Every structure is written in structure tokens, then in C-alpha cells.
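Listing of input07.cif, mmCIF, C-alpha atoms
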```cif
data_structure
loop_
_atom_site.label_atom_id
_atom_site.label_comp_id
_atom_site.auth_asym_id
_atom_site.auth_seq_id
_atom_site.Cartn_x
_atom_site.Cartn_y
_atom_site.Cartn_z
CA MET A 1 27.53 -27.74 60.90
CA LEU A 2 25.31 -26.06 58.30
CA ILE A 3 22.29 -24.02 59.43
CA ASP A 4 19.74 -23.09 56.80
CA GLY A 5 16.70 -20.83 57.30
CA ALA A 6 15.54 -17.26 57.81
CA GLU A 7 18.18 -14.84 59.09
CA LYS A 8 16.49 -14.30 62.48
CA ASP A 9 16.06 -18.05 62.98
CA ILE A 10 19.73 -18.64 62.19
CA GLU A 11 20.74 -15.98 64.71
CA THR A 12 18.57 -17.62 67.36
CA VAL A 13 20.05 -21.06 66.71
CA GLU A 14 23.59 -19.65 66.80
CA GLN A 15 22.86 -17.99 70.16
CA ILE A 16 21.38 -21.23 71.54
CA LEU A 17 24.46 -23.20 70.49
CA ALA A 18 26.81 -20.57 71.96
CA ASP A 19 24.90 -20.56 75.26
CA PHE A 20 24.79 -24.35 75.34
CA GLY A 21 28.57 -24.49 74.87
CA GLU A 22 29.18 -22.01 77.71
CA LEU A 23 26.77 -23.75 80.07
CA PHE A 24 28.29 -27.14 79.29
CA ALA A 25 31.82 -25.80 79.82
CA ASP A 26 30.75 -24.45 83.22
CA GLY A 27 29.62 -27.93 84.22
CA SER A 28 25.87 -27.40 83.86
CA THR A 29 23.76 -30.46 83.11
CA PHE A 30 20.17 -30.63 81.92
CA SER A 31 17.69 -33.23 80.76
CA ASP A 32 16.09 -33.44 77.32
CA LYS A 33 12.81 -32.28 78.86
CA GLU A 34 14.45 -29.22 80.43
CA LEU A 35 15.96 -28.31 77.09
CA ARG A 36 12.61 -28.76 75.31
CA ASP A 37 10.92 -26.46 77.86
CA ALA A 38 13.65 -23.85 77.29
CA PHE A 39 13.44 -24.11 73.48
CA LYS A 40 9.65 -23.71 73.63
CA GLN A 41 10.01 -20.45 75.55
CA ILE A 42 12.76 -19.14 73.27
CA ALA A 43 10.47 -19.84 70.28
CA GLU A 44 7.78 -17.67 71.91
CA ASP A 45 10.19 -14.93 73.01
CA ARG A 46 13.40 -14.52 71.01
CA ALA A 47 14.79 -12.09 73.61
CA TYR A 48 14.87 -14.99 76.08
CA SER A 49 18.03 -17.10 76.03
CA LEU A 50 19.22 -20.52 77.13
CA LYS A 51 21.50 -18.86 79.69
CA ASP A 52 18.57 -16.86 81.07
CA HIS A 53 16.61 -20.05 81.53
CA PHE A 54 19.27 -22.07 83.31
CA GLN A 55 21.02 -19.30 85.25
CA LYS A 56 18.24 -16.83 86.13
CA ALA A 57 14.78 -18.38 85.75
CA ARG A 58 15.41 -21.54 87.78
CA PHE A 59 15.52 -21.37 91.55
CA ASN A 60 15.59 -23.76 94.50
CA PRO A 61 13.30 -22.39 97.25
CA SER A 62 14.38 -24.66 100.11
CA GLY A 63 17.19 -26.84 98.82
CA LYS A 64 14.89 -29.78 98.09
CA LYS A 65 13.65 -29.18 94.56
CA THR A 66 14.55 -26.85 91.69
CA VAL A 67 11.66 -24.91 90.21
CA ALA A 68 11.68 -23.58 86.65
CA PRO A 69 9.04 -21.99 84.43
CA LYS A 70 7.87 -24.36 81.70
CA THR A 71 6.12 -21.75 79.56
CA ALA A 72 6.59 -18.07 78.72
CA ASN A 73 3.51 -17.12 80.77
CA GLN A 74 4.85 -18.99 83.78
CA ARG A 75 8.07 -17.02 83.47
CA LYS A 76 6.15 -13.72 83.23
CA TYR A 77 4.19 -14.78 86.31
CA LEU A 78 7.34 -15.40 88.37
CA GLU A 79 8.84 -12.10 87.18
CA ALA A 80 5.61 -10.27 88.07
CA ILE A 81 5.57 -11.76 91.59
CA ALA A 82 9.19 -10.76 92.14
CA LYS A 83 8.51 -7.20 90.97
CA ASN A 84 5.06 -6.40 92.41
CA ASP A 85 3.44 -6.55 95.85
CA LEU A 86 0.13 -7.79 94.40
CA VAL A 87 -0.24 -10.16 91.44
CA PHE A 88 -3.27 -11.92 89.99
CA GLY A 89 -2.67 -15.23 88.21
CA ILE A 90 -5.79 -16.03 86.19
CA GLY A 91 -6.35 -19.02 83.94
CA VAL A 92 -7.36 -22.62 83.51
CA ALA A 93 -6.49 -25.49 85.82
CA GLY A 94 -3.12 -27.21 85.59
CA THR A 95 -1.09 -24.15 84.59
CA GLY A 96 0.97 -24.00 87.79
CA LYS A 97 -0.60 -20.82 89.22
CA SER A 98 -0.84 -22.07 92.80
CA TYR A 99 2.30 -24.21 92.79
CA LEU A 100 4.55 -21.42 91.50
CA ALA A 101 3.04 -18.94 93.96
CA VAL A 102 3.81 -21.33 96.84
CA ALA A 103 7.34 -21.80 95.49
CA MET A 104 7.89 -18.04 95.44
CA ALA A 105 6.48 -17.76 98.97
CA ILE A 106 8.88 -20.40 100.27
CA ASP A 107 11.77 -18.72 98.47
CA ALA A 108 10.90 -15.38 100.10
CA LEU A 109 10.59 -17.03 103.53
CA PHE A 110 13.95 -18.84 103.34
CA LYS A 111 15.63 -15.64 102.11
CA LYS A 112 14.10 -13.84 105.12
CA GLN A 113 12.27 -11.38 102.87
CA VAL A 114 9.11 -12.20 104.87
CA SER A 115 8.64 -13.75 108.30
CA ARG A 116 5.64 -15.97 107.52
CA ILE A 117 3.46 -17.44 104.80
CA ILE A 118 -0.33 -17.25 104.81
CA LEU A 119 -2.19 -19.61 102.47
CA THR A 120 -5.92 -19.23 102.17
CA ARG A 121 -8.90 -20.36 100.11
CA PRO A 122 -12.64 -19.67 100.18
CA ALA A 123 -14.43 -22.79 101.47
CA VAL A 124 -17.08 -22.91 98.77
CA GLU A 125 -18.86 -26.20 98.17
CA ALA A 126 -18.54 -27.77 94.72
CA GLY A 127 -21.37 -30.30 94.87
CA GLU A 128 -20.99 -31.03 98.59
CA ARG A 129 -21.94 -29.11 101.69
CA LEU A 130 -19.57 -28.63 104.62
CA GLY A 131 -22.24 -29.59 107.11
CA PHE A 132 -22.51 -33.07 105.64
CA LEU A 133 -18.76 -33.74 105.79
CA PRO A 134 -17.50 -35.69 108.83
CA GLY A 135 -15.26 -34.27 111.56
CA ASP A 136 -14.72 -30.95 113.33
CA LEU A 137 -14.34 -27.60 111.55
CA GLN A 138 -10.64 -28.09 110.73
CA GLU A 139 -11.33 -31.55 109.30
CA LYS A 140 -14.20 -30.14 107.27
CA VAL A 141 -12.12 -27.39 105.64
CA ASP A 142 -8.88 -29.37 105.16
CA PRO A 143 -10.06 -30.94 101.85
CA TYR A 144 -10.43 -27.44 100.40
CA LEU A 145 -6.85 -26.60 101.40
CA ARG A 146 -5.26 -29.91 100.41
CA PRO A 147 -3.70 -28.63 97.12
CA LEU A 148 -1.77 -26.03 99.12
CA TYR A 149 -0.50 -28.70 101.52
CA ASP A 150 0.54 -30.83 98.54
CA ALA A 151 2.62 -27.99 97.06
CA LEU A 152 4.31 -27.32 100.40
CA PHE A 153 5.30 -30.93 100.99
CA ASP A 154 6.54 -31.25 97.41
CA LEU A 155 8.86 -28.26 97.78
CA VAL A 156 10.00 -28.54 101.42
CA ASP A 157 11.00 -31.52 103.58
CA ALA A 158 8.00 -32.84 105.49
CA GLU A 159 9.66 -32.37 108.89
CA LYS A 160 10.37 -28.69 108.16
CA VAL A 161 6.83 -28.09 106.93
CA THR A 162 5.36 -29.71 110.04
CA LYS A 163 7.51 -27.58 112.36
CA MET A 164 6.66 -24.37 110.49
CA LEU A 165 2.95 -25.20 110.62
CA GLU A 166 3.19 -25.87 114.36
CA LYS A 167 5.01 -22.56 114.95
CA ARG A 168 2.53 -20.71 112.69
CA ILE A 169 5.37 -19.61 110.41
CA ILE A 170 3.19 -21.15 107.72
CA GLU A 171 -0.54 -20.73 108.25
CA ILE A 172 -3.22 -22.38 106.13
CA ALA A 173 -6.78 -21.28 106.78
CA PRO A 174 -10.14 -20.62 105.10
CA LEU A 175 -10.62 -17.10 103.82
CA ALA A 176 -13.32 -16.37 106.43
CA PHE A 177 -10.60 -16.60 109.12
CA MET A 178 -8.81 -13.58 107.59
CA ARG A 179 -11.51 -11.07 108.54
CA GLY A 180 -10.37 -8.42 111.00
CA ARG A 181 -6.65 -9.21 110.64
CA THR A 182 -3.79 -7.11 109.25
CA LEU A 183 -1.16 -9.30 107.63
CA SER A 184 2.24 -7.58 107.76
CA ASP A 185 5.67 -8.95 106.79
CA ALA A 186 3.98 -11.94 105.14
CA PHE A 187 3.68 -13.66 101.78
CA ILE A 188 -0.07 -14.19 101.32
CA ILE A 189 -1.66 -16.44 98.70
CA LEU A 190 -5.39 -16.45 97.99
CA ASP A 191 -6.10 -19.58 95.98
CA GLU A 192 -9.30 -20.42 94.06
CA ALA A 193 -10.22 -16.74 94.15
CA GLN A 194 -12.92 -17.19 91.50
CA ASN A 195 -15.06 -18.42 94.40
CA THR A 196 -14.75 -15.23 96.43
CA THR A 197 -17.61 -12.77 96.51
CA SER A 198 -16.95 -9.09 95.83
CA GLU A 199 -17.07 -8.42 99.57
CA GLN A 200 -14.63 -11.24 100.36
CA MET A 201 -12.15 -10.07 97.72
CA LYS A 202 -12.21 -6.50 99.06
CA MET A 203 -11.83 -7.85 102.61
CA PHE A 204 -8.81 -9.93 101.60
CA LEU A 205 -7.06 -7.17 99.66
CA THR A 206 -7.43 -4.75 102.55
CA ARG A 207 -5.71 -7.25 104.91
CA ILE A 208 -2.35 -6.65 103.19
CA GLY A 209 0.03 -4.89 105.58
CA PHE A 210 3.51 -3.35 105.44
CA GLY A 211 6.27 -5.59 104.11
CA SER A 212 3.80 -8.05 102.63
CA LYS A 213 3.37 -9.52 99.17
CA ALA A 214 0.14 -11.11 97.92
CA VAL A 215 -0.71 -13.43 95.04
CA VAL A 216 -4.31 -14.13 94.00
CA THR A 217 -4.99 -17.14 91.77
CA GLY A 218 -8.20 -18.22 90.10
CA ASP A 219 -9.88 -19.98 87.20
CA LYS A 220 -12.91 -18.08 85.90
CA THR A 221 -14.23 -21.22 84.18
CA GLN A 222 -14.70 -23.00 87.54
CA ILE A 223 -16.89 -20.66 89.58
CA ASP A 224 -18.92 -22.51 92.24
CA LEU A 225 -20.71 -19.50 93.69
CA PRO A 226 -24.52 -19.54 93.86
CA ARG A 227 -26.21 -18.41 90.66
CA GLY A 228 -26.42 -14.63 90.41
CA GLN A 229 -23.52 -13.95 92.78
CA LYS A 230 -20.63 -12.07 91.16
CA SER A 231 -17.13 -13.47 91.41
CA GLY A 232 -14.70 -11.25 93.29
CA ILE A 233 -11.88 -11.96 90.86
CA LYS A 234 -13.95 -10.77 87.90
CA GLU A 235 -14.74 -7.51 89.65
CA ALA A 236 -11.10 -7.05 90.73
CA GLU A 237 -10.00 -7.25 87.08
CA ILE A 238 -12.15 -4.20 86.31
CA VAL A 239 -11.57 -2.19 89.48
CA LEU A 240 -7.80 -2.68 89.77
CA GLN A 241 -6.65 -2.84 86.16
CA ASP A 242 -5.24 0.71 86.06
CA ILE A 243 -3.14 0.50 89.25
CA ASP A 244 0.53 0.30 88.23
CA ALA A 245 1.71 -1.60 91.30
CA ILE A 246 -0.69 -4.49 90.55
CA ASP A 247 -0.05 -6.99 87.76
CA PHE A 248 -2.40 -9.44 86.04
CA VAL A 249 -0.93 -12.53 84.35
CA TYR A 250 -3.20 -14.69 82.21
CA PHE A 251 -2.74 -18.40 81.44
CA THR A 252 -4.28 -20.44 78.61
CA GLU A 253 -4.51 -24.13 77.73
CA LYS A 254 -1.03 -23.78 76.17
CA ASP A 255 0.34 -23.33 79.71
CA VAL A 256 -1.14 -26.58 81.07
CA VAL A 257 1.73 -28.61 82.51
CA ARG A 258 -0.20 -31.71 83.51
CA HIS A 259 -0.86 -34.73 81.29
CA LYS A 260 -1.28 -33.76 77.60
CA LEU A 261 -4.82 -35.10 77.80
CA VAL A 262 -5.67 -32.33 80.30
CA GLN A 263 -4.63 -29.71 77.75
CA MET A 264 -6.88 -31.32 75.15
CA ILE A 265 -9.80 -31.50 77.59
CA VAL A 266 -9.44 -27.82 78.56
CA ARG A 267 -9.38 -26.79 74.90
CA ALA A 268 -12.41 -28.96 74.07
CA TYR A 269 -14.45 -27.35 76.85
CA GLU A 270 -13.41 -23.85 75.73
CA GLU A 271 -14.51 -24.61 72.16
CA HIS A 272 -17.80 -26.04 73.41
CA SER A 273 -18.39 -22.91 75.51
CA GLU A 274 -17.66 -20.66 72.51
CA GLU A 275 -20.08 -22.65 70.34
CA SER A 276 -22.78 -22.47 73.02
CA ASN A 277 -22.36 -18.69 73.26
CA GLU A 278 -22.62 -18.37 69.47
CA ASP A 279 -25.80 -20.50 69.42
CA SER A 280 -27.32 -18.35 72.18
CA SER A 281 -26.50 -15.19 70.24
CA GLU A 282 -28.08 -16.59 67.05
CA ARG A 283 -31.27 -17.56 68.90
CA ARG A 284 -31.56 -14.07 70.38
CA TYR A 285 -30.98 -12.49 66.96
CA SER A 286 -33.56 -14.73 65.25
CA ARG A 287 -36.21 -13.54 67.68
#
```
Kindly transcribe the structure held in the file into C-alpha cells.
Amino acid sequence: MLIDGAEKDIETVEQILADFGELFADGSTFSDKELRDAFKQIAEDRAYSLKDHFQKARFNPSGKKTVAPKTANQRKYLEAIAKNDLVFGIGVAGTGKSYLAVAMAIDALFKKQVSRIILTRPAVEAGERLGFLPGDLQEKVDPYLRPLYDALFDLVDAEKVTKMLEKRIIEIAPLAFMRGRTLSDAFIILDEAQNTTSEQMKMFLTRIGFGSKAVVTGDKTQIDLPRGQKSGIKEAEIVLQDIDAIDFVYFTEKDVVRHKLVQMIVRAYEEHSEESNEDSSERRYSR
């Protein structure tokens, strides 16, 4: 085999081939898609290797499904959650922020690193009002929490999830239900945090107790708060940025792992927003 190219590129390819040979000899198997995901991350970070990807980065939280980062930012996110007690995952929809956080929570629970999982979201209306939805309070708020249920049932057998929900080992509740509690020995996820107010964010962060780990996820382009009300996640970025024990991981449209069309849509909206901001600036300047 003849490899032609820049010296660093040749070294990278040689390392990939050496790792592939070792993994194959050990009986490892992988799909073309898994290899493409690994190669994409190696291209972004030459210090990352094929062996790192298949021996360290992948994990199976409950024995049902193997989880692996598909982008470099997803890998940094998982590493940040493992290292820190509080992590913010901020970025556009479809980047795996919530799903990976749930996977890490399940992994911690099954390894007995925590004794329970708390999943919460602010019940903020996006075009609908809770009062107009049918059913009792739980039925009204369930649609807001459905993505968290979906992640749980995808990663853990349905029977196990149901039992853990019944025993309150896994608790899913609106953010308002967190007030006044201290959550110790728990893995806590605050999803859709762009829709928290400053007061709600402070309330949530001060619920974290001993032996707990918290992940806050949000998309600043999808804020549904009333006009003029500041998003708690935006304020947290400013207030908490200099605290060493807290990590912020940012996702872009390059990290979207849904249909390719979603990535194109996200990028188109970002470009439109940038153009609108430029037009607004020009109008102000012309005055």
C-alpha cells in the first residue's frame, strides 16, 4: 500500500491502520457508519484515535444499546459530564444534548454512582396554553416531558423503566416541582433550560445536593419566554463562566445528528438571523 500526502496526514493514516488491525485482531466489529463517525472526529482532533473511539468513548448504559459520540463536541460533552458535577450543554436542536445526558445518567445509576435520576423541564407554552390542554395536571405536562421519556425507553428496557418510575428511582417532573427540595445522591438533568427565567435557573442550581451531578441543556435560538423576560441560561453563562468546577460545551449545526436536511435547515435559519441583524445595524447607522 502506498500512502501519499503531507507528513502529518500520513502519520494519522498509519496510526488509523495500525489501530484498525489491532481492533480487528481482538475481534472487534464495526459498521461503515461507525467508522465514518470515528474518522470525522479524528479529522477534527488528531490526538484522538480509532482505539480511543471504540475502546473508551463508547459505552453501554444498561446493556440494551451502545452509545457513542458522533462528533468531537459530543465527545467533549461526555468527557465534561464525567469530569464535572455541573455541565451546560448549549446549542441547536438535534445535536444529542438531552439524549447523551440521559445516557450518562443511566450509566451512573446502573454503576451505583447515584441512587436516582431526576429529569425536569420548564413547562413553558410554545404556541399553546396548558389550561387549554385536556386532562389533569400530569396529563397536561407530559407532552413537555415526552422527549425525556423517549430517550429513557430507547436506552433501557420498557419494563425496567416502568418499575424505576413507579419506585421513584427515576423521576420526571416540571421544574416548578423542584422548588424547596434538596436533591442529593442524584443525577439531575434540566432540559430546555433556555425557557427558564433567571429566578428558576438560580432555584434549580441551588437544589443540587451532596453526591449529585447536574446537566443543563438548552437551545438559545428557541426561547419561548414572554417578550422582555431574560433567559436563565443566558444569564448563567455570564455569572458562572469563571467557576472551574462548571463546564460549558457548545454545539453547532455541524453536530446535528438527525436527518441531513435538519442540519441544512438549522444553518439556513442561522444565516437568515445573521442577515437580519446586519440589516438592523445598517438601518440604525443610516439614521
Evaluating the PyMOL selection byres ((chain A and resi 207) around 12) on the displayed file yields which residues, as an NGL selection string? :A and (118 or 175-190 or 200-206 or 208-210 or 212-214)
Quick one: residues within 7 Å of region 30-38 of chain A, only C-alpha atoms counted, chain neighbours fewer than 4 positions away excluded, as a VMD selection string? chain A and resid 42 50 53 70 to 71
Could the residues in this selection be saved with C-alpha atoms as an mmCIF file, keeping the file's coordinate frame?
```
data_model
loop_
_atom_site.group_PDB
_atom_site.id
_atom_site.type_symbol
_atom_site.label_atom_id
_atom_site.label_comp_id
_atom_site.auth_asym_id
_atom_site.auth_seq_id
_atom_site.Cartn_x
_atom_site.Cartn_y
_atom_site.Cartn_z
ATOM 1 C CA ILE A 42 12.760 -19.140 73.270
ATOM 2 C CA LEU A 50 19.220 -20.520 77.130
ATOM 3 C CA HIS A 53 16.610 -20.050 81.530
ATOM 4 C CA LYS A 70 7.870 -24.360 81.700
ATOM 5 C CA THR A 71 6.120 -21.750 79.560
#
```
In terms of the shortest atom-to-atom distance over all atoms listed in the file, which of A:Gly211, A:Pro69, A:Gly27, A:Pro226 is closest to Leu86 (chain A)? A:Gly211
If you apply the PyMOL selection byres ((chain A and resi 58) around 6) to this file, what residues do you get, as a CSV table (one decimal) with C-alpha atoms, in the coordinates of the input?
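Full text of out-v1.csv as output:
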```
chain,number,residue,atom,x,y,z
A,54,PHE,CA,19.3,-22.1,83.3
A,56,LYS,CA,18.2,-16.8,86.1
A,57,ALA,CA,14.8,-18.4,85.8
A,59,PHE,CA,15.5,-21.4,91.6
A,67,VAL,CA,11.7,-24.9,90.2
A,68,ALA,CA,11.7,-23.6,86.6
```
So what does the PyMOL selection byres ((chain A and resi 218-225) around 9) actually pick up in this one, as a PDB file with C-alpha atoms, in the frame of the given file?
```pdb
ATOM      1  CA  PHE A  88      -3.270 -11.920  89.990  1.00  0.00           C
ATOM      2  CA  GLY A  89      -2.670 -15.230  88.210  1.00  0.00           C
ATOM      3  CA  ILE A  90      -5.790 -16.030  86.190  1.00  0.00           C
ATOM      4  CA  GLY A  91      -6.350 -19.020  83.940  1.00  0.00           C
ATOM      5  CA  VAL A  92      -7.360 -22.620  83.510  1.00  0.00           C
ATOM      6  CA  ALA A  93      -6.490 -25.490  85.820  1.00  0.00           C
ATOM      7  CA  LYS A  97      -0.600 -20.820  89.220  1.00  0.00           C
ATOM      8  CA  SER A  98      -0.840 -22.070  92.800  1.00  0.00           C
ATOM      9  CA  VAL A 124     -17.080 -22.910  98.770  1.00  0.00           C
ATOM     10  CA  GLU A 125     -18.860 -26.200  98.170  1.00  0.00           C
ATOM     11  CA  ALA A 126     -18.540 -27.770  94.720  1.00  0.00           C
ATOM     12  CA  GLY A 127     -21.370 -30.300  94.870  1.00  0.00           C
ATOM     13  CA  LEU A 190      -5.390 -16.450  97.990  1.00  0.00           C
ATOM     14  CA  ASP A 191      -6.100 -19.580  95.980  1.00  0.00           C
ATOM     15  CA  GLU A 192      -9.300 -20.420  94.060  1.00  0.00           C
ATOM     16  CA  ALA A 193     -10.220 -16.740  94.150  1.00  0.00           C
ATOM     17  CA  GLN A 194     -12.920 -17.190  91.500  1.00  0.00           C
ATOM     18  CA  ASN A 195     -15.060 -18.420  94.400  1.00  0.00           C
ATOM     19  CA  THR A 196     -14.750 -15.230  96.430  1.00  0.00           C
ATOM     20  CA  THR A 197     -17.610 -12.770  96.510  1.00  0.00           C
ATOM     21  CA  VAL A 216      -4.310 -14.130  94.000  1.00  0.00           C
ATOM     22  CA  THR A 217      -4.990 -17.140  91.770  1.00  0.00           C
ATOM     23  CA  PRO A 226     -24.520 -19.540  93.860  1.00  0.00           C
ATOM     24  CA  ARG A 227     -26.210 -18.410  90.660  1.00  0.00           C
ATOM     25  CA  GLY A 228     -26.420 -14.630  90.410  1.00  0.00           C
ATOM     26  CA  GLN A 229     -23.520 -13.950  92.780  1.00  0.00           C
ATOM     27  CA  LYS A 230     -20.630 -12.070  91.160  1.00  0.00           C
ATOM     28  CA  SER A 231     -17.130 -13.470  91.410  1.00  0.00           C
ATOM     29  CA  ILE A 233     -11.880 -11.960  90.860  1.00  0.00           C
ATOM     30  CA  LYS A 234     -13.950 -10.770  87.900  1.00  0.00           C
ATOM     31  CA  GLU A 270     -13.410 -23.850  75.730  1.00  0.00           C
TER      32      GLU A 270
END
```
Within 12 Å of Lys76 (chain A), counting all atoms listed in the file, which residues show up once you throw out same-chain ones fewer than 3 positions away? Write them as a ChimeraX atom specification, please. /A:41,45,48,57,68-73,79-84,87-89,97,100,247-251,255
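The gap separating CA of Asp9 (chain A) from CA of Lys51 (chain A) is 17.6 Å, in Å to one decimal.
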Just how far from CA of Ser49 (chain A) is CA of Ala18 (chain A), in Å to one decimal? 10.3 Å
Taken to one decimal, the CA of Asp52 (chain A)-CA of Phe24 (chain A) distance is 14.3 Å
Restricting the calculation to all atoms listed in the file: of A:Gly63, A:Gly21, A:Pro174, A:Gly5, which residue gets closest to Pro122 (chain A)? A:Pro174
Which residues are close to Leu165 (chain A), i.e. within 12 Å by all atoms listed in the file, leaving aside same-chain residues fewer than 4 positions away? Reply as a PyMOL selection string. chain A and resi 116-119+149+152-153+158-161+169-173
Could the residues in this selection be saved with C-alpha atoms as a short mmCIF file (atom, residue, chain, number, x, y, z; two decimals), in the coordinates of the input?
```cif
data_model
loop_
_atom_site.label_atom_id
_atom_site.label_comp_id
_atom_site.auth_asym_id
_atom_site.auth_seq_id
_atom_site.Cartn_x
_atom_site.Cartn_y
_atom_site.Cartn_z
CA ARG A 116 5.64 -15.97 107.52
CA ILE A 117 3.46 -17.44 104.80
CA ILE A 118 -0.33 -17.25 104.81
CA LEU A 119 -2.19 -19.61 102.47
CA TYR A 149 -0.50 -28.70 101.52
CA LEU A 152 4.31 -27.32 100.40
CA PHE A 153 5.30 -30.93 100.99
CA ALA A 158 8.00 -32.84 105.49
CA GLU A 159 9.66 -32.37 108.89
CA LYS A 160 10.37 -28.69 108.16
CA VAL A 161 6.83 -28.09 106.93
CA ILE A 169 5.37 -19.61 110.41
CA ILE A 170 3.19 -21.15 107.72
CA GLU A 171 -0.54 -20.73 108.25
CA ILE A 172 -3.22 -22.38 106.13
CA ALA A 173 -6.78 -21.28 106.78
#
```
Build an axis-aligned box that encloses every atom of region 205-212 of chain A listed in the file, pad it by 8 Å on each side, and report its centre and edge lengths in Å to one decimal, as lines of an AutoDock Vina configuration file.
```
center_x = -0.6
center_y = -5.7
center_z = 102.6
size_x = 29.7
size_y = 20.7
size_z = 21.9
```
